[in-house]
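Next comes input_20.txt, a file with compact mmCIF, C-alpha atoms.
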# COMPACT_ATOMS: atom_id res chain seq x y z
CA MET A 23 0.00 0.00 0.00
CA ASP A 24 1.29 3.47 -0.90
CA HIS A 25 1.76 5.70 2.16
CA LYS A 26 0.70 8.82 0.23
CA LEU A 27 -3.00 9.63 0.03
CA PHE A 28 -2.82 10.46 -3.71
CA SER A 29 -0.96 7.40 -4.94
CA LYS A 30 -1.11 6.66 -8.68
CA ASP A 31 -3.83 4.05 -8.26
CA PHE A 32 -6.01 6.11 -5.93
CA THR A 33 -5.63 9.07 -8.31
CA LEU A 34 -6.82 6.90 -11.20
CA VAL A 35 -9.82 5.81 -9.12
CA VAL A 36 -10.63 9.47 -8.45
CA ILE A 37 -10.33 10.46 -12.13
CA GLY A 38 -12.41 7.49 -13.22
CA GLN A 39 -15.05 8.45 -10.68
CA ILE A 40 -15.13 12.04 -11.96
CA ILE A 41 -15.88 10.88 -15.50
CA SER A 42 -18.37 8.09 -14.77
CA LEU A 43 -20.21 9.93 -12.01
CA PHE A 44 -20.66 12.97 -14.26
CA GLY A 45 -22.30 10.72 -16.84
CA ASN A 46 -24.39 9.05 -14.16
CA ALA A 47 -25.58 12.37 -12.75
CA ALA A 48 -26.53 13.79 -16.14
CA LEU A 49 -28.37 10.59 -17.07
CA ARG A 50 -30.28 10.30 -13.78
CA PHE A 51 -31.30 13.93 -14.21
CA ALA A 52 -32.40 13.76 -17.84
CA LEU A 53 -34.26 10.45 -18.11
CA PRO A 54 -36.75 10.99 -15.22
CA LEU A 55 -37.28 14.61 -16.31
CA TYR A 56 -37.97 13.40 -19.85
CA LEU A 57 -40.63 11.06 -18.43
CA LEU A 58 -42.18 13.81 -16.30
CA ASN A 59 -42.29 16.23 -19.25
CA LEU A 60 -44.04 13.63 -21.38
CA THR A 61 -46.67 12.57 -18.83
CA GLY A 62 -46.96 15.35 -16.21
CA SER A 63 -47.88 12.68 -13.64
CA SER A 64 -46.16 12.68 -10.24
CA ALA A 65 -47.72 9.29 -9.44
CA LEU A 66 -46.22 7.69 -12.57
CA TYR A 67 -42.92 9.45 -11.92
CA GLY A 68 -42.80 8.19 -8.32
CA THR A 69 -43.75 4.66 -9.38
CA VAL A 70 -41.09 4.49 -12.08
CA MET A 71 -38.44 5.83 -9.68
CA ALA A 72 -39.55 3.26 -7.10
CA CYS A 73 -39.12 0.48 -9.67
CA ALA A 74 -35.69 1.87 -10.59
CA PHE A 75 -34.45 1.57 -7.00
CA ILE A 76 -35.41 -2.10 -6.61
CA PRO A 77 -32.52 -3.57 -8.69
CA SER A 78 -30.08 -1.33 -6.83
CA ILE A 79 -31.28 -2.77 -3.52
CA LEU A 80 -31.17 -6.37 -4.78
CA LEU A 81 -27.78 -6.13 -6.49
CA SER A 82 -25.94 -4.10 -3.85
CA PRO A 83 -25.28 -7.11 -1.54
CA VAL A 84 -24.30 -9.21 -4.57
CA GLY A 85 -21.88 -6.45 -5.60
CA GLY A 86 -20.34 -6.43 -2.13
CA ILE A 87 -19.90 -10.18 -2.07
CA VAL A 88 -18.36 -10.16 -5.55
CA ALA A 89 -16.09 -7.25 -4.53
CA ASP A 90 -14.55 -9.45 -1.82
CA ARG A 91 -13.96 -12.36 -4.24
CA VAL A 92 -13.11 -10.67 -7.57
CA ASN A 93 -10.56 -8.01 -8.45
CA LYS A 94 -12.38 -4.73 -7.77
CA ARG A 95 -10.70 -3.08 -10.78
CA ASN A 96 -12.27 -5.64 -13.12
CA ILE A 97 -15.72 -5.04 -11.61
CA MET A 98 -15.50 -1.30 -12.25
CA VAL A 99 -14.24 -1.73 -15.83
CA ILE A 100 -16.88 -4.30 -16.82
CA LEU A 101 -19.79 -2.38 -15.28
CA ASP A 102 -18.78 0.92 -16.92
CA PHE A 103 -18.63 -0.76 -20.36
CA PHE A 104 -21.99 -2.43 -19.65
CA THR A 105 -23.55 0.92 -18.70
CA ALA A 106 -22.42 2.39 -22.02
CA ALA A 107 -24.06 -0.56 -23.78
CA VAL A 108 -27.36 -0.01 -21.92
CA ILE A 109 -27.39 3.66 -22.95
CA LEU A 110 -26.71 2.72 -26.57
CA ALA A 111 -29.57 0.19 -26.52
CA PHE A 112 -32.03 2.79 -25.19
CA PHE A 113 -30.83 5.32 -27.78
CA LEU A 114 -31.62 2.83 -30.54
CA VAL A 115 -35.09 1.69 -29.32
CA MET A 116 -36.53 4.80 -27.67
CA GLU A 117 -38.78 5.63 -30.62
CA CYS A 118 -39.75 2.05 -31.46
CA GLY A 119 -42.49 1.29 -28.90
CA ASN A 120 -43.70 1.95 -25.37
CA LEU A 121 -41.38 4.71 -24.18
CA VAL A 122 -42.50 4.49 -20.54
CA ALA A 123 -41.64 0.80 -20.46
CA PHE A 124 -38.25 1.39 -22.13
CA LEU A 125 -37.48 4.21 -19.69
CA THR A 126 -38.43 2.09 -16.71
CA VAL A 127 -36.29 -0.86 -17.81
CA THR A 128 -33.33 1.43 -18.62
CA LEU A 129 -33.50 3.18 -15.25
CA MET A 130 -33.80 -0.18 -13.46
CA LEU A 131 -30.68 -1.42 -15.25
CA LEU A 132 -28.74 1.78 -14.52
CA TYR A 133 -29.65 1.79 -10.83
CA GLY A 134 -28.91 -1.93 -10.61
CA ILE A 135 -25.46 -1.43 -12.11
CA ALA A 136 -24.79 1.42 -9.67
CA GLY A 137 -25.85 -0.83 -6.79
CA ALA A 138 -23.30 -3.45 -7.82
CA TYR A 139 -20.62 -0.84 -8.70
CA GLN A 140 -20.43 1.30 -5.57
CA PRO A 141 -19.45 -1.49 -3.11
CA ALA A 142 -16.43 -2.20 -5.31
CA VAL A 143 -15.37 1.48 -5.18
CA GLN A 144 -15.92 1.81 -1.43
CA ALA A 145 -14.21 -1.52 -0.68
CA SER A 146 -11.17 -0.52 -2.76
CA ILE A 147 -10.43 2.56 -0.63
CA PRO A 148 -9.01 0.72 2.43
CA ALA A 149 -6.82 -1.31 0.04
CA LEU A 150 -5.34 1.86 -1.53
CA VAL A 151 -4.89 4.21 1.47
CA GLU A 152 -3.74 3.85 5.06
CA GLN A 153 -6.31 3.76 7.86
CA LYS A 154 -5.26 7.22 9.07
CA ASN A 155 -6.25 8.59 5.63
CA LEU A 156 -9.64 6.84 5.42
CA MET A 157 -11.71 9.89 6.43
CA ALA A 158 -9.85 12.11 3.96
CA ALA A 159 -10.13 9.51 1.16
CA ASN A 160 -13.85 9.05 1.73
CA ALA A 161 -14.30 12.82 1.80
CA ILE A 162 -12.52 13.04 -1.57
CA ILE A 163 -14.71 10.34 -3.13
CA ASN A 164 -17.85 12.04 -1.77
CA THR A 165 -16.59 15.41 -3.00
CA ILE A 166 -16.00 13.96 -6.47
CA SER A 167 -19.49 12.48 -6.43
CA SER A 168 -20.97 15.82 -5.41
CA PHE A 169 -18.94 17.72 -8.00
CA ALA A 170 -20.15 15.36 -10.72
CA SER A 171 -23.70 15.70 -9.40
CA LEU A 172 -23.27 19.48 -9.52
CA SER A 173 -21.97 19.72 -13.07
CA GLY A 174 -24.06 16.84 -14.47
CA PRO A 175 -27.57 18.27 -13.86
CA VAL A 176 -26.56 21.87 -14.61
CA LEU A 177 -24.93 21.05 -17.96
CA GLY A 178 -27.54 18.35 -18.56
CA GLY A 179 -30.34 20.85 -17.96
CA ILE A 180 -28.85 23.30 -20.45
CA LEU A 181 -28.20 20.63 -23.10
CA TYR A 182 -31.62 19.04 -22.56
CA SER A 183 -33.44 22.38 -22.87
CA ILE A 184 -31.60 23.25 -26.10
CA TYR A 185 -30.96 19.93 -27.86
CA GLY A 186 -33.21 17.35 -26.19
CA ILE A 187 -32.58 13.92 -24.70
CA ARG A 188 -30.48 12.37 -27.50
CA ILE A 189 -27.40 14.55 -26.99
CA ILE A 190 -27.46 13.68 -23.27
CA LEU A 191 -27.41 9.96 -24.12
CA VAL A 192 -24.42 10.37 -26.47
CA VAL A 193 -22.39 12.43 -23.98
CA CYS A 194 -23.07 9.98 -21.12
CA MET A 195 -22.19 6.96 -23.24
CA VAL A 196 -18.81 8.53 -24.08
CA CYS A 197 -18.22 9.26 -20.36
CA PHE A 198 -18.68 5.63 -19.34
CA VAL A 199 -16.41 4.33 -22.11
CA LEU A 200 -13.66 6.79 -21.09
CA SER A 201 -14.05 5.83 -17.43
CA ALA A 202 -13.75 2.12 -18.22
CA VAL A 203 -10.57 2.68 -20.26
CA MET A 204 -9.10 4.77 -17.42
CA GLU A 205 -9.84 2.07 -14.83
CA ILE A 206 -8.03 -0.63 -16.80
CA PHE A 207 -4.73 0.85 -15.55
CA ILE A 208 -5.63 0.73 -11.82
CA ARG A 209 -3.84 -1.82 -9.63
CA ILE A 210 -5.79 -2.78 -6.49
CA PRO A 211 -4.26 -5.30 -4.04
CA PHE A 212 -6.34 -8.44 -4.20
CA GLN A 213 -6.25 -11.79 -2.40
CA LYS A 214 -8.52 -14.40 -3.92
CA GLN A 215 -10.89 -16.15 -1.51
CA ALA A 216 -11.69 -19.80 -2.15
CA LEU A 217 -15.29 -20.75 -2.90
CA GLU A 218 -16.87 -23.14 -0.43
CA GLY A 219 -19.23 -25.28 -2.48
CA SER A 220 -21.36 -23.73 -5.21
CA ILE A 221 -21.40 -20.02 -6.06
CA TRP A 222 -24.91 -19.58 -4.65
CA LYS A 223 -23.94 -21.37 -1.46
CA SER A 224 -20.98 -18.99 -1.09
CA VAL A 225 -23.23 -15.99 -1.77
CA ARG A 226 -25.67 -17.10 0.94
CA ALA A 227 -22.83 -17.77 3.37
CA ASP A 228 -21.19 -14.40 2.68
CA PHE A 229 -24.45 -12.49 3.07
CA ALA A 230 -25.21 -14.32 6.32
CA GLU A 231 -21.72 -13.48 7.57
CA SER A 232 -22.18 -9.76 6.85
CA ILE A 233 -25.57 -9.73 8.61
CA ARG A 234 -24.10 -11.54 11.59
CA PHE A 235 -21.27 -8.97 11.80
CA ILE A 236 -23.72 -6.04 11.73
CA ARG A 237 -26.16 -7.61 14.21
CA LYS A 238 -23.77 -9.20 16.73
CA ASP A 239 -20.24 -7.84 16.36
CA LYS A 240 -21.26 -4.23 15.65
CA PRO A 241 -24.98 -4.00 16.56
CA VAL A 242 -24.82 -0.22 16.81
CA ILE A 243 -24.36 -0.14 13.01
CA GLY A 244 -27.60 -2.06 12.59
CA LYS A 245 -29.46 0.37 14.84
CA ALA A 246 -28.04 3.33 12.94
CA LEU A 247 -29.12 1.78 9.65
CA LEU A 248 -32.71 1.62 10.91
CA VAL A 249 -32.55 5.36 11.48
CA VAL A 250 -31.15 5.90 7.99
CA CYS A 251 -33.99 3.80 6.54
CA GLY A 252 -36.54 6.01 8.28
CA ILE A 253 -34.90 9.19 6.99
CA ASN A 254 -34.73 7.76 3.46
CA LEU A 255 -38.42 6.85 3.62
CA PHE A 256 -39.76 10.15 4.92
CA LEU A 257 -37.16 12.79 3.93
CA SER A 258 -34.93 11.66 1.05
CA ALA A 259 -37.83 10.22 -0.96
CA MET A 260 -39.84 13.41 -0.50
CA ILE A 261 -36.98 15.49 -1.93
CA ILE A 262 -36.48 13.11 -4.86
CA VAL A 263 -40.14 13.38 -5.88
CA ALA A 264 -40.85 16.96 -4.77
CA LEU A 265 -37.94 18.66 -6.49
CA PRO A 266 -38.86 17.85 -10.13
CA TYR A 267 -42.62 17.81 -9.52
CA LEU A 268 -42.85 21.16 -7.73
CA ILE A 269 -40.41 22.95 -10.02
CA THR A 270 -41.71 21.67 -13.36
CA GLU A 271 -45.41 21.12 -12.63
CA VAL A 272 -46.45 23.34 -9.67
CA PHE A 273 -44.31 26.48 -9.71
CA ASP A 274 -45.30 28.75 -12.61
CA LEU A 275 -41.87 29.05 -14.24
CA GLY A 276 -42.61 28.15 -17.88
CA THR A 277 -41.85 24.73 -19.40
CA LEU A 278 -38.37 25.33 -20.85
CA GLU A 279 -37.34 27.62 -18.00
CA ALA A 280 -38.67 25.13 -15.44
CA ASN A 281 -36.48 22.36 -16.84
CA ARG A 282 -33.47 24.65 -16.63
CA PHE A 283 -34.42 25.74 -13.10
CA TYR A 284 -34.69 22.08 -12.12
CA GLY A 285 -31.16 21.54 -13.44
CA TYR A 286 -29.94 24.44 -11.31
CA ALA A 287 -31.73 23.02 -8.25
CA GLN A 288 -30.07 19.65 -8.80
CA GLY A 289 -26.82 21.53 -9.10
CA ALA A 290 -27.51 23.23 -5.76
CA LEU A 291 -28.07 19.80 -4.21
CA ALA A 292 -24.73 18.67 -5.58
CA ALA A 293 -23.07 21.90 -4.42
CA GLY A 294 -24.32 21.08 -0.93
CA GLY A 295 -22.79 17.64 -1.24
CA LEU A 296 -19.55 19.19 -2.49
CA THR A 297 -19.48 21.60 0.45
CA GLY A 298 -20.23 18.77 2.87
CA GLY A 299 -17.53 16.56 1.38
CA ILE A 300 -14.91 19.31 1.56
CA SER A 301 -15.96 20.14 5.13
CA ALA A 302 -15.69 16.50 6.16
CA GLY A 303 -12.18 16.33 4.73
CA VAL A 304 -10.98 19.63 6.20
CA PHE A 305 -12.45 19.01 9.65
CA ALA A 306 -11.91 15.23 9.71
CA GLY A 307 -9.99 15.39 12.98
CA ARG A 308 -12.64 17.49 14.73
CA LEU A 309 -15.80 15.64 13.69
CA SER A 310 -17.24 13.37 16.37
CA ILE A 311 -19.41 10.51 15.22
CA GLN A 312 -21.13 10.60 18.61
CA LYS A 313 -22.67 13.95 17.62
CA SER A 314 -23.63 12.93 14.08
CA GLY A 315 -27.30 12.70 15.08
CA ASN A 316 -27.30 16.50 15.17
CA LEU A 317 -26.72 16.50 11.40
CA ILE A 318 -29.92 14.51 10.82
CA THR A 319 -31.86 16.86 13.11
CA ALA A 320 -30.60 19.87 11.15
CA SER A 321 -31.65 18.23 7.88
CA ALA A 322 -35.17 17.60 9.18
CA LEU A 323 -35.53 21.19 10.42
CA CYS A 324 -34.74 22.50 6.92
CA VAL A 325 -38.00 21.02 5.59
CA PHE A 326 -40.23 23.39 7.58
CA PRO A 327 -39.30 26.62 5.71
CA VAL A 328 -40.26 24.87 2.46
CA ALA A 329 -43.70 23.96 3.83
CA ALA A 330 -44.16 27.49 5.18
CA ALA A 331 -43.27 29.07 1.83
CA LEU A 332 -45.68 26.80 -0.04
CA LEU A 333 -48.47 27.70 2.38
CA LEU A 334 -47.89 31.44 2.70
CA CYS A 335 -46.37 32.56 -0.62
CA SER A 336 -47.90 32.37 -4.09
CA SER A 337 -44.74 33.34 -5.98
CA GLY A 338 -43.26 30.35 -7.82
CA LEU A 339 -39.83 32.00 -7.91
CA VAL A 340 -39.78 32.63 -4.14
CA ASN A 341 -40.87 29.06 -3.46
CA TYR A 342 -38.16 27.84 -5.81
CA ILE A 343 -35.47 29.84 -4.01
CA VAL A 344 -36.56 28.62 -0.57
CA LEU A 345 -36.74 25.00 -1.76
CA THR A 346 -33.32 25.17 -3.39
CA LEU A 347 -31.57 26.81 -0.41
CA CYS A 348 -33.06 24.35 2.08
CA CYS A 349 -32.09 21.38 -0.07
CA PHE A 350 -28.55 22.78 -0.25
CA VAL A 351 -28.27 22.79 3.56
CA ILE A 352 -29.80 19.30 3.80
CA MET A 353 -27.15 17.98 1.41
CA VAL A 354 -24.31 19.61 3.37
CA CYS A 355 -25.43 17.89 6.57
CA SER A 356 -26.25 14.52 4.99
CA THR A 357 -22.92 14.33 3.14
CA ILE A 358 -20.89 14.93 6.30
CA PHE A 359 -23.00 12.27 8.03
CA THR A 360 -22.42 9.80 5.16
CA VAL A 361 -18.64 10.32 5.23
CA GLN A 362 -18.58 9.72 8.99
CA MET A 363 -20.66 6.55 8.74
CA MET A 364 -18.65 5.10 5.84
CA SER A 365 -15.30 5.84 7.49
CA PHE A 366 -16.48 4.24 10.74
CA MET A 367 -17.59 1.05 8.98
CA GLN A 368 -14.38 0.81 6.94
CA ALA A 369 -12.22 1.25 10.05
CA GLU A 370 -14.19 -1.25 12.16
CA THR A 371 -14.65 -4.00 9.53
CA PRO A 372 -11.99 -6.66 8.74
CA GLN A 373 -10.55 -6.43 5.21
CA ASN A 374 -12.03 -9.78 4.15
CA LEU A 375 -15.55 -8.62 5.10
CA ILE A 376 -15.50 -4.99 4.08
CA GLY A 377 -17.10 -5.32 0.64
CA LYS A 378 -20.04 -7.43 1.77
CA VAL A 379 -20.60 -5.44 4.99
CA ILE A 380 -20.67 -2.11 3.14
CA ALA A 381 -22.98 -3.62 0.52
CA ALA A 382 -25.34 -4.95 3.19
CA ALA A 383 -25.37 -1.54 4.88
CA MET A 384 -26.09 0.21 1.57
CA THR A 385 -28.87 -2.29 0.84
CA PHE A 386 -30.61 -1.71 4.18
CA SER A 387 -30.23 2.05 3.93
CA MET A 388 -31.81 2.05 0.46
CA CYS A 389 -34.59 -0.47 1.05
CA ALA A 390 -37.08 2.21 2.14
CA GLN A 391 -36.42 4.44 -0.88
CA PRO A 392 -38.75 2.74 -3.41
CA PHE A 393 -41.66 2.79 -0.96
CA GLY A 394 -40.99 6.44 -0.21
CA ASN A 395 -40.82 7.39 -3.89
CA ALA A 396 -44.12 5.66 -4.61
CA LEU A 397 -45.72 7.08 -1.44
CA TYR A 398 -44.84 10.71 -2.19
CA GLY A 399 -45.75 10.37 -5.85
CA VAL A 400 -49.27 9.38 -4.80
CA LEU A 401 -49.47 11.94 -1.95
CA PHE A 402 -48.52 14.86 -4.19
CA GLU A 403 -51.12 13.76 -6.73
CA ILE A 404 -53.85 13.40 -4.08
CA CYS A 405 -52.94 16.69 -2.38
CA GLU A 406 -52.80 18.77 -5.55
CA GLY A 407 -53.08 22.40 -4.49
CA PHE A 408 -52.09 21.50 -0.91
CA GLU A 409 -48.50 20.41 -1.52
CA TYR A 410 -47.40 22.15 1.68
CA ALA A 411 -49.25 19.47 3.70
CA VAL A 412 -47.14 16.69 2.15
CA VAL A 413 -43.90 18.59 2.82
CA LEU A 414 -44.99 19.38 6.39
CA PHE A 415 -45.79 15.71 7.01
CA SER A 416 -42.28 14.80 5.83
CA GLY A 417 -40.68 17.37 8.14
CA VAL A 418 -42.61 16.34 11.26
CA VAL A 419 -41.94 12.61 10.89
CA SER A 420 -38.27 13.15 9.96
CA LEU A 421 -37.74 15.38 12.98
CA LEU A 422 -39.25 12.77 15.30
CA ILE A 423 -36.92 10.12 13.87
CA ALA A 424 -33.90 12.41 14.16
CA MET A 425 -34.63 13.32 17.77
CA SER A 426 -35.01 9.66 18.77
CA ALA A 427 -31.72 8.75 17.04
CA GLY A 428 -29.48 10.85 19.29
CA LYS A 429 -28.91 8.10 21.86
CA ILE A 430 -27.84 5.61 19.19
CA PHE A 431 -25.10 7.81 17.79
CA ARG A 432 -23.86 8.86 21.23
CA ARG A 433 -23.06 5.17 21.85
CA PHE A 434 -21.30 4.68 18.52
CA VAL A 435 -17.68 4.87 19.64
CA SER A 436 -18.11 2.88 22.84
CA ALA A 437 -20.03 0.06 21.13
File written out as structure tokens:
Amino acid sequence: MDHKLFSKDFTLVVIGQIISLFGNAALRFALPLYLLNLTGSSALYGTVMACAFIPSILLSPVGGIVADRVNKRNIMVILDFFTAAVILAFFLVMECGNLVAFLTVTLMLLYGIAGAYQPAVQASIPALVEQKNLMAANAIINTISSFASLSGPVLGGILYSIYGIRIILVVCMVCFVLSAVMEIFIRIPFQKQALEGSIWKSVRADFAESIRFIRKDKPVIGKALLVVCGINLFLSAMIIVALPYLITEVFDLGTLEANRFYGYAQGALAAGGLTGGISAGVFAGRLSIQKSGNLITASALCVFPVAAALLLCSSGLVNYIVLTLCCFVIMVCSTIFTVQMMSFMQAETPQNLIGKVIAAAMTFSMCAQPFGNALYGVLFEICEGFEYAVVLFSGVVSLLIAMSAGKIFRRFVSA
């Protein structure tokens, strides 16, 4: 292992992440927005996004198990090439039949690939940097993700408004091919683990081992994941559905301008993640995981100004500004929290378990997302004209969850 933080191999991982995550961000922005523009239905939008999350949840533990048994470099290269192939297939068939069905399948494939891809990236970090640099390395990866998420929707929004969906597909396809080529040159230390019996028997055994580690060896991680599930269900899902629906369908901003404003709002979300990632890296030595529950509380409190603006103000532009600023702050807090959680798990998990444990944690944290997406899609449709009530409901429940989580995180270090 190289003692420097920015070794050649870690630098190549970072550059590859910049390219592929930019493509991912632009694609995840453009395809759902394309669907929403075509149908105008928040219920259909929420349902499709819920379906898209399911493969990610199912494949994340598989990706973690594979990451512990296969060279992580090869996983990243293969999945980036496969993503480019999926985009090409959608480009070729998008005008040949049921577009909603094609969009749903494409998003499911893309989210599924991401679910299998991220455990390999996260599990490679402890193999490339020393333990003392884990917090800084995770902050860098999160910062890269946020930077890509910042530039992807902003540039994607501009390109989509001017040229339409096809140019987005071409640009993203090129990004994934370039990323795959870049990753071919990464060398990640790898020790092959022998299979015990059939592949499926090994998968079941590995998954059971990761669950046992979370439940018995580090039970505080399991309790924290329950909190994260609750926040994903009632807060994250609301933002995912509310942001495009409110900006493009509720606020009176004009169709083309609304799409561009939505791109800027997504950029503000990513800017919050970028700020949070940089803050986590700069203040790594001062951040206490015991106080990380305060970050969730702050995120929940930011929902209430959005509800108040929707209730009291009729100006679409004012509502847009309030929504965007509050989402920025939420992303700052949630990114710092994510970096702390990931660094804690990487430091406390044995090297031979790290891929599958991280994958299991990601799976549990995401499992509530599809239900939340579907729930808020329906709620916004039912409460048309009273959107503030849906946002207020999200804020109240999220705050209750955050307040009850304080004791769990205060016991984190001592557990």
Might you pull out every residue within 9 Å of Phe28 in chain A, with all atoms listed in the file counted and same-chain residues fewer than 4 positions away left off, and present them as a ChimeraX atom specification?
-> /A:24,32-33,151,159
Once you have the residues from the selection above, write them out as a compact mmCIF listing (two decimals), in the frame of the given file, restricted to C-alpha atoms.
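The resulting file, part24.txt, is shown below:
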# COMPACT_ATOMS: atom_id res chain seq x y z
CA ASP A 24 1.29 3.47 -0.90
CA PHE A 32 -6.01 6.11 -5.93
CA THR A 33 -5.63 9.07 -8.31
CA VAL A 151 -4.89 4.21 1.47
CA ALA A 159 -10.13 9.51 1.16
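From CA of Thr385 in chain A back to CA of Met363 in chain A, the distance works out to 14.4 Å.
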Contact residues around Phe283 in chain A with all atoms listed in the file at 12 Å, ignoring same-chain residues under 2 positions, as a count of residues only | 37
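The point (-20.6, -6.8, 4.4) has these residues within 9 Å of it when only C-alpha atoms are used: Pro83, Gly86, Ile87, Asp228, Phe229, Glu231, Ser232, Ile233, Phe235, Ile236, Thr371, Leu375, Ile376, Gly377, Lys378, Val379, Ile380, Ala381, Ala382 and Ala383 of chain A.
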Mind writing the picked residues with C-alpha atoms as a CSV table (one decimal), in the coordinates of the input?
chain,number,residue,atom,x,y,z
A,83,PRO,CA,-25.3,-7.1,-1.5
A,86,GLY,CA,-20.3,-6.4,-2.1
A,87,ILE,CA,-19.9,-10.2,-2.1
A,228,ASP,CA,-21.2,-14.4,2.7
A,229,PHE,CA,-24.4,-12.5,3.1
A,231,GLU,CA,-21.7,-13.5,7.6
A,232,SER,CA,-22.2,-9.8,6.8
A,233,ILE,CA,-25.6,-9.7,8.6
A,235,PHE,CA,-21.3,-9.0,11.8
A,236,ILE,CA,-23.7,-6.0,11.7
A,371,THR,CA,-14.6,-4.0,9.5
A,375,LEU,CA,-15.6,-8.6,5.1
A,376,ILE,CA,-15.5,-5.0,4.1
A,377,GLY,CA,-17.1,-5.3,0.6
A,378,LYS,CA,-20.0,-7.4,1.8
A,379,VAL,CA,-20.6,-5.4,5.0
A,380,ILE,CA,-20.7,-2.1,3.1
A,381,ALA,CA,-23.0,-3.6,0.5
A,382,ALA,CA,-25.3,-5.0,3.2
A,383,ALA,CA,-25.4,-1.5,4.9
With distances taken over all atoms listed in the file, which of A:Met384, A:Val325, A:Leu291, A:Ile352 is nearest to Ala47 in chain A?
->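 Of all the options, A:Leu291 lies closest to Ala47 in chain A.
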Would you please work out which residue, of A:Glu403, A:Glu117, A:Glu205, A:Glu409, is nearest to Asn93 in chain A when using all atoms listed in the file?
->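 Looking at the shortest contact to Asn93 in chain A, the residue is A:Glu205.
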Arg91 in chain A proximity check over A:Ala145, A:Val70, A:Glu152, A:Val400, using only C-alpha atoms: winner is A:Ala145
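Minimum atom-to-atom distance to Met353 in chain A, evaluated using only C-alpha atoms, belongs to A:Ala292 out of A:Ala292, A:Ala202, A:Leu81, A:Ala331.
Between Val250 in chain A and the residues A:Asn341, A:Phe415, A:Met98, A:Ala424, the shortest atom-to-atom distance, using all atoms listed in the file, involves A:Ala424.
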Excluding Val193 in chain A and any residue of its chain fewer than 6 positions from it, enumerate the residues within 10 Å of it, using only C-alpha atoms, and give them as a list in words.
->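 Residues near the query, excluding close chain neighbours: Phe44, Gly45, Ala48, Leu49 and Gly178 of chain A.
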Pick from A:Leu296, A:Ile187, A:Leu255, A:Val99, whichever lies nearest to Pro54 in chain A using all atoms listed in the file |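 Closest residue, counting all atoms listed in the file: A:Ile187.
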Can you pull out every residue within 12 Å of Leu57 in chain A, counting all atoms listed in the file, but drop anything in the same chain fewer than 2 positions away, and send it as an NGL selection string?
-> :A and (50-55 or 59-71 or 116 or 120-126 or 129 or 187 or 266-267 or 270)
Could you save the residues just selected, with C-alpha atoms, as a PDB file, in the frame of the given file?
ATOM      1  CA  ARG A  50     -30.280  10.300 -13.780  1.00  0.00           C
ATOM      2  CA  PHE A  51     -31.300  13.930 -14.210  1.00  0.00           C
ATOM      3  CA  ALA A  52     -32.400  13.760 -17.840  1.00  0.00           C
ATOM      4  CA  LEU A  53     -34.260  10.450 -18.110  1.00  0.00           C
ATOM      5  CA  PRO A  54     -36.750  10.990 -15.220  1.00  0.00           C
ATOM      6  CA  LEU A  55     -37.280  14.610 -16.310  1.00  0.00           C
ATOM      7  CA  ASN A  59     -42.290  16.230 -19.250  1.00  0.00           C
ATOM      8  CA  LEU A  60     -44.040  13.630 -21.380  1.00  0.00           C
ATOM      9  CA  THR A  61     -46.670  12.570 -18.830  1.00  0.00           C
ATOM     10  CA  GLY A  62     -46.960  15.350 -16.210  1.00  0.00           C
ATOM     11  CA  SER A  63     -47.880  12.680 -13.640  1.00  0.00           C
ATOM     12  CA  SER A  64     -46.160  12.680 -10.240  1.00  0.00           C
ATOM     13  CA  ALA A  65     -47.720   9.290  -9.440  1.00  0.00           C
ATOM     14  CA  LEU A  66     -46.220   7.690 -12.570  1.00  0.00           C
ATOM     15  CA  TYR A  67     -42.920   9.450 -11.920  1.00  0.00           C
ATOM     16  CA  GLY A  68     -42.800   8.190  -8.320  1.00  0.00           C
ATOM     17  CA  THR A  69     -43.750   4.660  -9.380  1.00  0.00           C
ATOM     18  CA  VAL A  70     -41.090   4.490 -12.080  1.00  0.00           C
ATOM     19  CA  MET A  71     -38.440   5.830  -9.680  1.00  0.00           C
ATOM     20  CA  MET A 116     -36.530   4.800 -27.670  1.00  0.00           C
ATOM     21  CA  ASN A 120     -43.700   1.950 -25.370  1.00  0.00           C
ATOM     22  CA  LEU A 121     -41.380   4.710 -24.180  1.00  0.00           C
ATOM     23  CA  VAL A 122     -42.500   4.490 -20.540  1.00  0.00           C
ATOM     24  CA  ALA A 123     -41.640   0.800 -20.460  1.00  0.00           C
ATOM     25  CA  PHE A 124     -38.250   1.390 -22.130  1.00  0.00           C
ATOM     26  CA  LEU A 125     -37.480   4.210 -19.690  1.00  0.00           C
ATOM     27  CA  THR A 126     -38.430   2.090 -16.710  1.00  0.00           C
ATOM     28  CA  LEU A 129     -33.500   3.180 -15.250  1.00  0.00           C
ATOM     29  CA  ILE A 187     -32.580  13.920 -24.700  1.00  0.00           C
ATOM     30  CA  PRO A 266     -38.860  17.850 -10.130  1.00  0.00           C
ATOM     31  CA  TYR A 267     -42.620  17.810  -9.520  1.00  0.00           C
ATOM     32  CA  THR A 270     -41.710  21.670 -13.360  1.00  0.00           C
TER      33      THR A 270
END
